[in-house]
>>> print(open('data_8.pdb').read())   # PDB, C-alpha atoms
ATOM      1  CA  MET A  13      43.032 112.708  17.039
ATOM      2  CA  PRO A  14      43.360 114.982  14.012
ATOM      3  CA  ALA A  15      46.449 114.540  11.891
ATOM      4  CA  LEU A  16      49.367 116.644  13.029
ATOM      5  CA  THR A  17      51.147 118.771  10.488
ATOM      6  CA  PRO A  18      54.015 121.222  10.718
ATOM      7  CA  ASP A  19      51.372 123.950  10.318
ATOM      8  CA  THR A  20      49.380 122.817  13.368
ATOM      9  CA  ILE A  21      52.525 122.809  15.466
ATOM     10  CA  ARG A  22      53.516 126.197  14.044
ATOM     11  CA  THR A  23      50.100 127.530  15.108
ATOM     12  CA  ALA A  24      50.826 126.429  18.674
ATOM     13  CA  THR A  25      54.187 128.185  18.666
ATOM     14  CA  GLU A  26      52.576 131.309  17.205
ATOM     15  CA  THR A  27      50.099 131.282  20.087
ATOM     16  CA  LEU A  28      53.031 131.193  22.512
ATOM     17  CA  SER A  29      54.605 134.083  20.653
ATOM     18  CA  ASP A  30      51.327 136.022  20.943
ATOM     19  CA  LEU A  31      51.297 135.338  24.678
ATOM     20  CA  THR A  32      54.855 136.625  24.997
ATOM     21  CA  ASP A  33      53.942 139.808  23.125
ATOM     22  CA  TYR A  34      50.902 140.262  25.351
ATOM     23  CA  LEU A  35      52.966 139.819  28.519
ATOM     24  CA  ARG A  36      55.415 142.448  27.270
ATOM     25  CA  GLU A  37      52.526 144.950  27.328
ATOM     26  CA  SER A  38      52.460 144.761  31.156
ATOM     27  CA  PRO A  39      49.015 143.248  31.746
ATOM     28  CA  ASN A  40      47.497 142.825  35.174
ATOM     29  CA  PRO A  41      49.770 140.320  36.977
ATOM     30  CA  VAL A  42      46.859 138.182  38.173
ATOM     31  CA  GLU A  43      45.614 137.844  34.594
ATOM     32  CA  ALA A  44      49.141 137.154  33.353
ATOM     33  CA  LEU A  45      49.584 134.385  35.933
ATOM     34  CA  ALA A  46      46.273 132.833  34.872
ATOM     35  CA  LEU A  47      47.364 132.825  31.228
ATOM     36  CA  VAL A  48      50.746 131.256  31.988
ATOM     37  CA  GLU A  49      49.432 128.724  34.493
ATOM     38  CA  PRO A  50      48.491 126.025  31.940
ATOM     39  CA  LEU A  51      51.963 126.296  30.410
ATOM     40  CA  LEU A  52      53.662 125.491  33.702
ATOM     41  CA  ASP A  53      51.308 122.861  35.083
ATOM     42  CA  GLU A  54      53.474 120.295  36.848
ATOM     43  CA  TYR A  55      51.906 117.354  35.011
ATOM     44  CA  THR A  56      50.830 118.683  31.620
ATOM     45  CA  GLY A  57      52.786 121.920  31.202
ATOM     46  CA  LEU A  58      55.347 122.762  28.562
ATOM     47  CA  PRO A  59      58.450 121.521  30.389
ATOM     48  CA  VAL A  60      56.939 118.067  30.857
ATOM     49  CA  GLN A  61      55.374 117.959  27.388
ATOM     50  CA  LEU A  62      58.553 119.123  25.666
ATOM     51  CA  ALA A  63      60.606 116.568  27.590
ATOM     52  CA  ASP A  64      58.201 113.801  26.584
ATOM     53  CA  THR A  65      58.277 115.012  22.972
ATOM     54  CA  LEU A  66      62.085 115.002  22.892
ATOM     55  CA  ARG A  67      62.190 111.467  24.330
ATOM     56  CA  ALA A  68      59.586 110.278  21.827
ATOM     57  CA  LEU A  69      61.545 111.855  18.969
ATOM     58  CA  ALA A  70      64.736 110.150  20.138
ATOM     59  CA  ARG A  71      62.939 106.815  20.315
ATOM     60  CA  ALA A  72      61.252 107.261  16.904
ATOM     61  CA  VAL A  73      64.531 108.106  15.200
ATOM     62  CA  GLN A  74      66.529 105.437  16.976
ATOM     63  CA  GLU A  75      64.028 102.638  16.367
ATOM     64  CA  HIS A  76      63.250 103.437  12.727
ATOM     65  CA  PRO A  77      64.689 100.793  10.390
ATOM     66  CA  ASP A  78      66.000 103.403   7.922
ATOM     67  CA  THR A  79      68.071 105.226  10.540
ATOM     68  CA  PRO A  80      71.800 104.780   9.949
ATOM     69  CA  ARG A  81      73.501 103.158  12.926
ATOM     70  CA  THR A  82      76.487 105.409  13.601
ATOM     71  CA  ALA A  83      78.384 106.919  16.490
ATOM     72  CA  GLN A  84      77.005 110.311  15.440
ATOM     73  CA  LEU A  85      73.447 108.987  15.807
ATOM     74  CA  ASP A  86      74.243 107.786  19.320
ATOM     75  CA  LEU A  87      75.549 111.258  20.225
ATOM     76  CA  LEU A  88      72.492 112.981  18.770
ATOM     77  CA  ILE A  89      70.127 110.636  20.616
ATOM     78  CA  THR A  90      72.048 111.301  23.822
ATOM     79  CA  GLU A  91      71.715 115.062  23.246
ATOM     80  CA  LEU A  92      67.944 114.742  22.801
ATOM     81  CA  ARG A  93      67.613 112.694  25.970
ATOM     82  CA  THR A  94      69.827 115.069  27.941
ATOM     83  CA  ALA A  95      67.729 118.003  26.770
ATOM     84  CA  ALA A  96      64.615 116.085  27.806
ATOM     85  CA  TRP A  97      65.958 115.656  31.355
ATOM     86  CA  GLU A  98      66.834 119.346  31.508
ATOM     87  CA  GLN A  99      63.287 120.226  30.486
ATOM     88  CA  THR A 100      61.821 117.831  33.023
ATOM     89  CA  ASP A 101      63.816 119.602  35.736
ATOM     90  CA  GLN A 102      61.873 122.764  34.912
ATOM     91  CA  HIS A 103      58.565 121.182  35.963
ATOM     92  CA  THR A 104      58.981 122.876  39.335
ATOM     93  CA  LEU A 105      58.262 126.283  37.784
ATOM     94  CA  HIS A 106      54.635 125.794  38.801
ATOM     95  CA  TYR A 107      55.796 126.470  42.371
ATOM     96  CA  VAL A 108      56.978 129.897  41.259
ATOM     97  CA  LEU A 109      53.462 130.636  40.007
ATOM     98  CA  ASP A 110      52.024 129.470  43.334
ATOM     99  CA  ASP A 111      54.397 131.777  45.207
ATOM    100  CA  LEU A 112      53.574 134.717  42.924
ATOM    101  CA  ARG A 113      49.836 134.130  43.404
ATOM    102  CA  ASP A 114      50.346 134.063  47.166
ATOM    103  CA  LEU A 115      52.356 137.261  46.967
ATOM    104  CA  TYR A 116      49.539 139.073  45.164
ATOM    105  CA  ALA A 117      46.918 137.640  47.505
ATOM    106  CA  LYS A 118      48.817 139.010  50.524
ATOM    107  CA  ALA A 119      49.686 142.377  48.959
ATOM    108  CA  PRO A 120      47.847 145.345  50.415
ATOM    109  CA  SER A 121      45.308 146.893  48.097
ATOM    110  CA  SER A 122      46.431 149.938  46.161
ATOM    111  CA  THR A 123      42.868 151.236  46.138
ATOM    112  CA  PRO A 124      42.651 154.628  47.871
ATOM    113  CA  GLY A 125      40.539 154.828  50.980
ATOM    114  CA  CYS A 126      40.720 154.109  54.654
ATOM    115  CA  GLY A 127      41.657 150.694  55.943
ATOM    116  CA  ARG A 128      38.064 149.836  56.812
ATOM    117  CA  CYS A 129      36.882 150.623  53.254
ATOM    118  CA  ARG A 130      39.320 148.272  51.607
TER     119      ARG A 130
END
>>> encode(input="data_8.pdb", output="structure tokens")
Amino acid sequence: MPALTPDTIRTATETLSDLTDYLRESPNPVEALALVEPLLDEYTGLPVQLADTLRALARAVQEHPDTPRTAQLDLLITELRTAAWEQTDQHTLHYVLDDLRDLYAKAPSSTPGCGRCR
């Protein structure tokens, strides 16, 4: 695995920002769903990954020998772990994408023409 740097992580967040800007331009919904799908995958999507990252950060800070052992540290670790659980709860957003895909699949075509031509 290549070494991670703040710049590589920043590049990932910039890509998300680019996606947001693109979605604000009202693209075709089917294309938009396809672009967002990897972000909301129930096993590897952002909610799950961010939750795992927050838990790993909490563990790294808590277990490091140079970390001061204080009540404030305990509160901060608890906040990270609480945020991780809240993110994990969002893993179900992939069902929203499934429902939206189904909605578009069932929608009548907006192409002009008789019913037989569509």
>>> resolve_selection(input="data_8.pdb", expression="the PyMOL selection byres ((chain A and resi 55) around 12)", output="PyMOL selection string")
chain A and resi 49-54+56-64+100+102-106
>>> resolve_selection(input="data_8.pdb", expression="the PyMOL selection byres ((chain A and resi 46) around 12)", output="NGL selection string")
:A and (31 or 35 or 39-45 or 47-53 or 106 or 109-110 or 112-113)
>>> atom_distance(input="data_8.pdb", atom1="CA of Leu28 (chain A)", atom2="CA of Ala96 (chain A)")
19.8 Å
>>> closest_residue(input="data_8.pdb", among="A:Val108, A:Leu115, A:Leu66, A:Met13", to="Thr94 (chain A)", atoms="all atoms listed in the file")
A:Leu66
>>> atom_distance(input="data_8.pdb", atom1="CA of Gln99 (chain A)", atom2="CA of Ala24 (chain A)")
18.3 Å
>>> atom_distance(input="data_8.pdb", atom1="CA of Ala119 (chain A)", atom2="CA of Asp30 (chain A)")
28.8 Å
>>> residues_around(input="data_8.pdb", residues="Leu87 (chain A)", least_positions_apart="6", cutoff="12 Å", atoms="all atoms listed in the file", output="PDB file with C-alpha atoms, keeping the file's coordinate frame")
ATOM      1  CA  ALA A  70      64.736 110.150  20.138  1.00  0.00           C
ATOM      2  CA  GLN A  74      66.529 105.437  16.976  1.00  0.00           C
ATOM      3  CA  ARG A  81      73.501 103.158  12.926  1.00  0.00           C
ATOM      4  CA  ARG A  93      67.613 112.694  25.970  1.00  0.00           C
ATOM      5  CA  THR A  94      69.827 115.069  27.941  1.00  0.00           C
TER       6      THR A  94
END
>>> axis_aligned_box(input="data_8.pdb", around="region 35-46 of chain A", padding_each_side="3 Å", output="AutoDock Vina command-line options")
--center_x 50.5 --center_y 138.9 --center_z 32.7 --size_x 15.8 --size_y 18.1 --size_z 16.9
>>> closest_residue(input="data_8.pdb", among="A:Leu69, A:Tyr107, A:Pro77, A:Leu16", to="Thr90 (chain A)", atoms="all atoms listed in the file")
A:Leu69
